[in-house]
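Heads up, the thing below is written out as structure tokens.
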Amino acid sequence: MYNTIEALLNEIQSGEDSYLDFKVVHFKGKQVYFSKEKASQELAKDLCCFANSEGGVIVFGVRDDGERIGIDRDKISSLQQFIVNVAQNNIEPPMGHLLIVDRILIPDSTGKEKYCLKLEIKKARYCLHAPFGKRPYFRIADHCYEMTLEQQARYFEKRGMLTPFEERPVYQAKKNVIDKTLFTSYYEKFYEIDLDDVEVPFDNLLQNMKILTQDEAGALYSTGMGLLLFSNNPDKWISGAYVDIVHYRSIEPDIDNQVDTKTISGNIISQIEKSMSFLELSPYLPMRAQKDGHGRIDQPAYSLRSLQEAIVNALVHRDYSIQGAQVRIFIFPDRIEISNPGKLHNSLTPEALFAGCQPVRRNQMLAGFIRNYKSPITKRSYMEGKGTGFLSMVRECVKVTGRKPDLNIIGDSVRVTIWSRHPFS
């Protein structure tokens with residue numbers, strides 16, 4: 001915006017408006033001051049105003065009347081750092097990715113060139129930004145206004161901000177976090193074609209498949225789905241994108257009675273496979289044998305198919321926008337509890353699931369990818385796409401343990417409890 005000095009100067013001479021703002025900058029040492037309220041609060045509000053509206057430009061070193069008074073050259077670095085700090089630390093969610101900073105020389109009214117700093121703020125596409133402790137702001141003409149709740153709702157609808165988390169860019173996770181080996185293995189197996197023979201450029205292919213997407217400034221970032229499927233450490237960028245397993249010797253989650261703990265990270269397929277391997281091989285899960293006329297028959301405490309279904313559901317259908325909450329698997333002498341962040345999606349209820357209601361999935365595209373992976377246990381797809389997985393899990397539990405699983409909503413999470421065939425301590 002205003003990409004030449006001539007264009008910017010013409011706009012400055014026209015005055016502040018919906019897309020342009022001026023700021024005189026004062027310094028006390030390296031401390032930045034403006035002419036009004038506390039500088040960090042004032043700048044946070046102005047950044048949010050532009051980002052939540054149509055974007056815009058702030059020119060530092062220009063008076064309200066348009067006169068270019070400039071900034072000392074040796075102070076510009078301090079100002080730049082101040083702007084970045086405010087964008088990252090005083091605004092929720094952080095918006096450093098929306099900023100483009102340029103040092104420029106602009107002539108004042110006498111023709112003498114002055115150092116100024118041009119800050120371009122891109123329009124936010126995926127969220128509303130607000131100073132900490134405040135509502136979001138928006139800009140009309142040359143003023144900022146706090147949004148009402150009704151205005152916030154209209155903005156979400158207007159901008160399509162209800163785009164699922166799985167399709168949004170995960171800022172800081174640039175395109176190189178996608179592991180090409182993981183993607184190639186998936187693509188060539190499913191599409192039965194060598195990736196080198198695909199005519200579409202690699203980045204374009206990943207964008208077409210919603211694994212990469214552009215941010216407001218046109219930079220490529222991984223989507224939430226891309227990280228979960230094709231990065232080796234999605235929890236580095238998505239808080240809580242891993243599994244915690246804890247085994248207790250008691251029937252209550254008492255830290256003094258922990259037998260074993262395990263944190264499982266990696267991409268979502270790795271999390272499923274490692275979790276199942278842990279449960280399948282754990283020496284702490286009860287196994288009894290019964291002799292009949294044909295010899296010794298092992299009686300496992302659980303159906304591996306039912307456990308797999310519960311773990312896949314927890315990882316695929318969880319709410320990844322909930323920060324700092326992971327999938328948890330708690331093993332007790334009489335049961336296994338599998339919990340995931342996020343309530344049942346949409347209007348779905350536990351009663352409807354047990355009745356066979358066709359579920360509306362929170363992460364539709366992620367579920368679609370998971371269907372293309374086969375389970376080592378069942379030799380079939382992890383998800384069959386018919387909406388019958390939950391009832392299959394119920395039937396497996398009844399078949400092996402004689403008891404239906406429990407499904408409970410606990411706060412903002414879903415917990416599935418699968419009971420043991422023969423509990424013992």
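Quick note on naming: the chains in the structure tokens go A, B, ... in the order shown, residues restart at 1 in each chain, and ligands are numbered from 1 in order of appearance.
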
Skip A:Asp244 itself and residues of its chain fewer than 2 positions away, then list as a VMD selection string all residues within 12 Å of it, counting only C-alpha atoms. chain A and resid 240 to 242 246 to 247 260 to 265 271 to 272 274 to 275 278 311 315 325 to 331 337 to 340

May I have the selected residues written with C-alpha atoms, as a tab-separated table (two decimals), in the first residue's frame?
chain	number	residue	atom	x	y	z
A	240	GLY	CA	-1.09	-30.08	23.21
A	241	ALA	CA	-0.80	-32.01	19.94
A	242	TYR	CA	0.43	-35.18	21.64
A	246	VAL	CA	-0.51	-42.86	32.59
A	247	HIS	CA	-0.98	-46.24	34.27
A	260	ASP	CA	4.15	-46.10	34.23
A	261	THR	CA	3.92	-42.90	32.16
A	262	LYS	CA	4.56	-42.18	28.51
A	263	THR	CA	4.33	-39.09	26.32
A	264	ILE	CA	3.75	-39.87	22.66
A	265	SER	CA	4.47	-37.24	20.03
A	271	GLN	CA	0.58	-41.07	17.74
A	272	ILE	CA	-2.11	-43.63	16.91
A	274	LYS	CA	2.61	-45.74	19.20
A	275	SER	CA	-0.36	-45.49	21.55
A	278	PHE	CA	2.00	-49.27	24.13
A	311	ILE	CA	-7.93	-43.36	20.25
A	315	LEU	CA	-7.10	-37.59	17.98
A	325	ALA	CA	-4.70	-29.60	26.37
A	326	GLN	CA	-3.66	-33.00	25.08
A	327	VAL	CA	-5.29	-36.39	24.54
A	328	ARG	CA	-4.95	-38.43	27.73
A	329	ILE	CA	-5.09	-42.19	28.22
A	330	PHE	CA	-5.46	-43.27	31.83
A	331	ILE	CA	-5.13	-46.99	32.61
A	337	GLU	CA	-10.19	-43.75	30.12
A	338	ILE	CA	-9.46	-41.88	26.88
A	339	SER	CA	-10.08	-38.12	27.02
A	340	ASN	CA	-9.75	-35.48	24.35

Among stretch 175-325 of chain A, which residues carry a DSSP assignment of helix (DSSP H, G or I), reported as a PyMOL selection string? chain A and resi 175-177+180-191+195-197+202-208+224-230+234-236+255-257+268-281+304-317

So that I can check the surroundings of A:Met147, please list as JSON, numbers by chain every protein, DNA and RNA residue that reaches within 6 Å of it, counting only C-alpha atoms and ignoring chain neighbours fewer than 3 positions away. {"A": [136, 137, 151]}

Emit the selected residues as a PDB file, in the first residue's frame, including N, CA and C atoms.
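Saved to again_36.pdb:
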ATOM      1  N   PRO A 136     -12.005  -6.261  20.624  1.00  0.00           N
ATOM      2  CA  PRO A 136     -11.388  -5.860  19.349  1.00  0.00           C
ATOM      3  C   PRO A 136     -11.820  -4.445  18.953  1.00  0.00           C
ATOM      4  N   TYR A 137     -10.955  -3.777  18.205  1.00  0.00           N
ATOM      5  CA  TYR A 137     -11.251  -2.448  17.674  1.00  0.00           C
ATOM      6  C   TYR A 137     -11.373  -2.517  16.155  1.00  0.00           C
ATOM      7  N   GLN A 151     -21.269  -6.705  16.641  1.00  0.00           N
ATOM      8  CA  GLN A 151     -20.369  -6.377  15.540  1.00  0.00           C
ATOM      9  C   GLN A 151     -19.311  -7.466  15.358  1.00  0.00           C
TER      10      GLN A 151
END

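Checking A:Val59, A:Ile409, A:Ala124, A:Leu43 one by one against A:Thr349, counting only C-alpha atoms, you find the shortest gap at A:Ile409.
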
Among stretch 63-243 of chain A, which residues does DSSP mark as strand (DSSP E or B) when it is run on the backbone? Keep the chain and numbering as in the structure and answer as a ChimeraX atom specification. /A:68,91-92,99-107,113-121,130-131,137-140,143-146,169-174,212-214,220-223,243

Which residues, written as a ChimeraX atom specification, have at least one atom at most 10 Å from stretch 168-181 of chain A, with only C-alpha atoms counted and residues fewer than 2 positions away on the same chain left out? /A:94-97,125-126,161-166,183-187,202-203,206,210-216,219-234,236-238

For the residues in the current selection, export N, CA and C atoms as a short mmCIF file (atom, residue, chain, number, x, y, z; two decimals), in the first residue's frame.
data_model
loop_
_atom_site.label_atom_id
_atom_site.label_comp_id
_atom_site.auth_asym_id
_atom_site.auth_seq_id
_atom_site.Cartn_x
_atom_site.Cartn_y
_atom_site.Cartn_z
N PRO A 94 -1.33 -12.79 18.74
CA PRO A 94 -0.23 -11.97 18.22
C PRO A 94 -0.38 -11.73 16.71
N MET A 95 0.12 -10.59 16.25
CA MET A 95 -0.10 -10.24 14.85
C MET A 95 1.17 -9.77 14.15
N GLY A 96 2.33 -10.22 14.63
CA GLY A 96 3.56 -9.82 13.97
C GLY A 96 3.62 -10.19 12.50
N HIS A 97 2.94 -11.28 12.14
CA HIS A 97 2.96 -11.75 10.75
C HIS A 97 2.23 -10.81 9.81
N ARG A 125 -7.39 -12.14 8.14
CA ARG A 125 -8.37 -12.99 7.46
C ARG A 125 -8.99 -14.04 8.37
N TYR A 126 -8.26 -14.45 9.41
CA TYR A 126 -8.69 -15.63 10.15
C TYR A 126 -9.10 -15.36 11.59
N MET A 161 -14.46 -16.28 9.11
CA MET A 161 -13.53 -16.65 10.16
C MET A 161 -13.90 -17.97 10.83
N LEU A 162 -15.02 -18.53 10.39
CA LEU A 162 -15.39 -19.83 10.92
C LEU A 162 -14.68 -20.95 10.16
N THR A 163 -13.71 -20.57 9.33
CA THR A 163 -12.88 -21.57 8.65
C THR A 163 -12.31 -22.52 9.69
N PRO A 164 -12.45 -23.83 9.50
CA PRO A 164 -11.96 -24.77 10.51
C PRO A 164 -10.48 -24.59 10.79
N PHE A 165 -10.09 -24.91 12.01
CA PHE A 165 -8.70 -24.81 12.41
C PHE A 165 -7.79 -25.59 11.48
N GLU A 166 -8.24 -26.74 11.01
CA GLU A 166 -7.40 -27.60 10.19
C GLU A 166 -7.00 -26.93 8.87
N PHE A 183 5.21 -36.88 3.30
CA PHE A 183 4.20 -36.58 2.29
C PHE A 183 4.36 -37.48 1.07
N THR A 184 5.60 -37.67 0.63
CA THR A 184 5.84 -38.50 -0.56
C THR A 184 5.34 -39.92 -0.33
N SER A 185 5.64 -40.46 0.84
CA SER A 185 5.19 -41.81 1.16
C SER A 185 3.67 -41.92 1.08
N TYR A 186 2.98 -40.93 1.63
CA TYR A 186 1.51 -40.93 1.58
C TYR A 186 1.02 -40.78 0.13
N TYR A 187 1.54 -39.80 -0.57
CA TYR A 187 1.02 -39.45 -1.89
C TYR A 187 1.22 -40.60 -2.88
N PHE A 202 5.56 -28.40 -6.45
CA PHE A 202 5.33 -29.02 -5.14
C PHE A 202 4.54 -28.11 -4.20
N ASP A 203 4.92 -26.83 -4.12
CA ASP A 203 4.21 -25.91 -3.22
C ASP A 203 2.74 -25.76 -3.63
N LEU A 206 0.78 -28.82 -2.53
CA LEU A 206 0.47 -28.79 -1.11
C LEU A 206 -0.64 -27.78 -0.81
N LYS A 210 -4.59 -28.41 0.72
CA LYS A 210 -4.84 -27.71 2.00
C LYS A 210 -3.81 -28.07 3.06
N ILE A 211 -2.61 -28.43 2.61
CA ILE A 211 -1.53 -28.73 3.54
C ILE A 211 -0.71 -27.46 3.81
N LEU A 212 -0.62 -26.60 2.81
CA LEU A 212 -0.07 -25.26 2.95
C LEU A 212 -1.15 -24.25 2.60
N THR A 213 -1.03 -23.06 3.16
CA THR A 213 -1.93 -21.98 2.77
C THR A 213 -1.20 -20.66 2.94
N GLN A 214 -1.71 -19.63 2.29
CA GLN A 214 -1.09 -18.31 2.38
C GLN A 214 -1.69 -17.53 3.54
N ASP A 215 -0.82 -16.73 4.16
CA ASP A 215 -1.35 -15.81 5.17
C ASP A 215 -1.76 -14.53 4.48
N GLU A 216 -2.11 -13.51 5.29
CA GLU A 216 -2.60 -12.25 4.73
C GLU A 216 -1.57 -11.55 3.86
N ALA A 219 2.61 -15.02 2.40
CA ALA A 219 3.63 -16.02 2.77
C ALA A 219 2.97 -17.38 2.99
N LEU A 220 3.72 -18.44 2.70
CA LEU A 220 3.18 -19.79 2.83
C LEU A 220 3.47 -20.37 4.22
N TYR A 221 2.43 -20.88 4.85
CA TYR A 221 2.55 -21.54 6.14
C TYR A 221 1.83 -22.88 6.08
N SER A 222 2.23 -23.76 6.97
CA SER A 222 1.50 -25.02 7.09
C SER A 222 0.14 -24.76 7.69
N THR A 223 -0.84 -25.52 7.25
CA THR A 223 -2.13 -25.51 7.92
C THR A 223 -2.05 -26.40 9.17
N GLY A 224 -3.08 -26.31 10.00
CA GLY A 224 -3.14 -27.20 11.14
C GLY A 224 -3.13 -28.66 10.70
N MET A 225 -3.87 -28.96 9.64
CA MET A 225 -3.92 -30.32 9.12
C MET A 225 -2.56 -30.77 8.59
N GLY A 226 -1.87 -29.87 7.89
CA GLY A 226 -0.55 -30.20 7.36
C GLY A 226 0.42 -30.58 8.46
N LEU A 227 0.39 -29.81 9.55
CA LEU A 227 1.28 -30.12 10.68
C LEU A 227 0.96 -31.48 11.29
N LEU A 228 -0.34 -31.74 11.49
CA LEU A 228 -0.74 -32.98 12.15
C LEU A 228 -0.38 -34.21 11.32
N LEU A 229 -0.46 -34.08 10.00
CA LEU A 229 -0.23 -35.23 9.14
C LEU A 229 1.22 -35.39 8.70
N PHE A 230 1.89 -34.28 8.39
CA PHE A 230 3.16 -34.38 7.68
C PHE A 230 4.31 -33.61 8.33
N SER A 231 4.21 -33.35 9.61
CA SER A 231 5.37 -32.82 10.33
C SER A 231 5.73 -33.80 11.44
N ASN A 232 6.97 -33.77 11.85
CA ASN A 232 7.43 -34.73 12.85
C ASN A 232 7.17 -34.28 14.28
N ASN A 233 6.95 -32.98 14.48
CA ASN A 233 6.71 -32.45 15.82
C ASN A 233 5.59 -31.42 15.79
N PRO A 234 4.35 -31.82 15.51
CA PRO A 234 3.27 -30.84 15.46
C PRO A 234 3.06 -30.10 16.78
N LYS A 236 5.16 -28.73 18.51
CA LYS A 236 6.03 -27.55 18.58
C LYS A 236 5.25 -26.30 18.21
N TRP A 237 4.22 -26.45 17.37
CA TRP A 237 3.43 -25.30 16.92
C TRP A 237 1.98 -25.36 17.37
N ILE A 238 1.47 -26.56 17.61
CA ILE A 238 0.08 -26.71 18.08
C ILE A 238 0.15 -27.21 19.52
#

Between atom CA of A:Glu120 and atom CA of A:Asp102, what is the spacing in Å? 8.4 Å

Hey, which of A:Tyr33, A:Asp196, A:Gly368, A:Ala130 ends up closest to A:Asn89? Count only C-alpha atoms. A:Ala130

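The coordinates place atom CA of A:Ile100 at 15.0 Å from atom CA of A:Glu54.
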
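Neighbouring residues of A:Leu279 at 9 Å or closer, counting only C-alpha atoms and skipping chain neighbours under 6 positions away, are A:Leu285, A:Leu304, A:Leu307.
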
With N, CA and C atoms retained, could you export that selection as a PDB file, in the first residue's frame?
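Result written to part.pdb:
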ATOM      1  N   LEU A 285      -1.255 -54.457  31.518  1.00  0.00           N
ATOM      2  CA  LEU A 285      -2.637 -54.761  31.189  1.00  0.00           C
ATOM      3  C   LEU A 285      -2.925 -56.213  31.524  1.00  0.00           C
ATOM      4  N   LEU A 304      -8.676 -54.760  21.226  1.00  0.00           N
ATOM      5  CA  LEU A 304      -7.772 -53.784  20.623  1.00  0.00           C
ATOM      6  C   LEU A 304      -8.497 -52.927  19.590  1.00  0.00           C
ATOM      7  N   LEU A 307     -10.251 -50.148  21.474  1.00  0.00           N
ATOM      8  CA  LEU A 307      -9.289 -49.156  21.935  1.00  0.00           C
ATOM      9  C   LEU A 307      -8.787 -48.297  20.777  1.00  0.00           C
TER      10      LEU A 307
END

So which one's closest to A:Ala352, A:Asp194, A:Phe390, A:Asp74, A:Ala87? Using only C-alpha atoms, please. A:Phe390

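You can rank A:Met393, A:Leu119, A:Leu407, A:Met209 by their closest distance to A:Leu20 using only C-alpha atoms, and at the top of that list sits A:Leu119.
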
Which residues come within 9 Å of A:Phe60, counting only C-alpha atoms, excluding same-chain residues fewer than 4 positions away, as an mmCIF file with C-alpha atoms, in the first residue's frame?
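For reference, out.cif as written:
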data_model
loop_
_atom_site.group_PDB
_atom_site.id
_atom_site.type_symbol
_atom_site.label_atom_id
_atom_site.label_comp_id
_atom_site.auth_asym_id
_atom_site.auth_seq_id
_atom_site.Cartn_x
_atom_site.Cartn_y
_atom_site.Cartn_z
ATOM 1 C CA ASP A 21 -2.438 7.263 10.390
ATOM 2 C CA PHE A 22 0.415 9.503 11.552
ATOM 3 C CA LYS A 23 2.463 9.368 14.730
ATOM 4 C CA VAL A 24 5.059 11.682 16.224
ATOM 5 C CA VAL A 25 7.620 9.673 18.145
ATOM 6 C CA GLY A 70 11.214 12.679 11.028
ATOM 7 C CA ILE A 71 12.974 10.394 13.495
ATOM 8 C CA CYS A 116 10.451 8.144 8.797
ATOM 9 C CA LEU A 117 9.206 4.635 9.413
ATOM 10 C CA LYS A 118 6.382 3.224 7.323
ATOM 11 C CA LEU A 119 4.406 0.400 8.939
#

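The residue set within 9 Å of A:Gln41, counting only C-alpha atoms and dropping same-chain residues fewer than 6 places from it, reads Val86, Asn90 and Pro131 of chain A.
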
Kindly save the residues from that selection, with C-alpha atoms included, as a PDB file, in the first residue's frame.
ATOM      1  CA  VAL A  86       3.735  -4.686  20.965  1.00  0.00           C
ATOM      2  CA  ASN A  90       0.330  -6.809  23.786  1.00  0.00           C
ATOM      3  CA  PRO A 131      -5.316  -5.545  22.966  1.00  0.00           C
TER       4      PRO A 131
END

With distances taken over only C-alpha atoms, which of A:Lys189, A:Arg361, A:Arg415, A:Arg380 is nearest to A:Ala310? A:Arg415
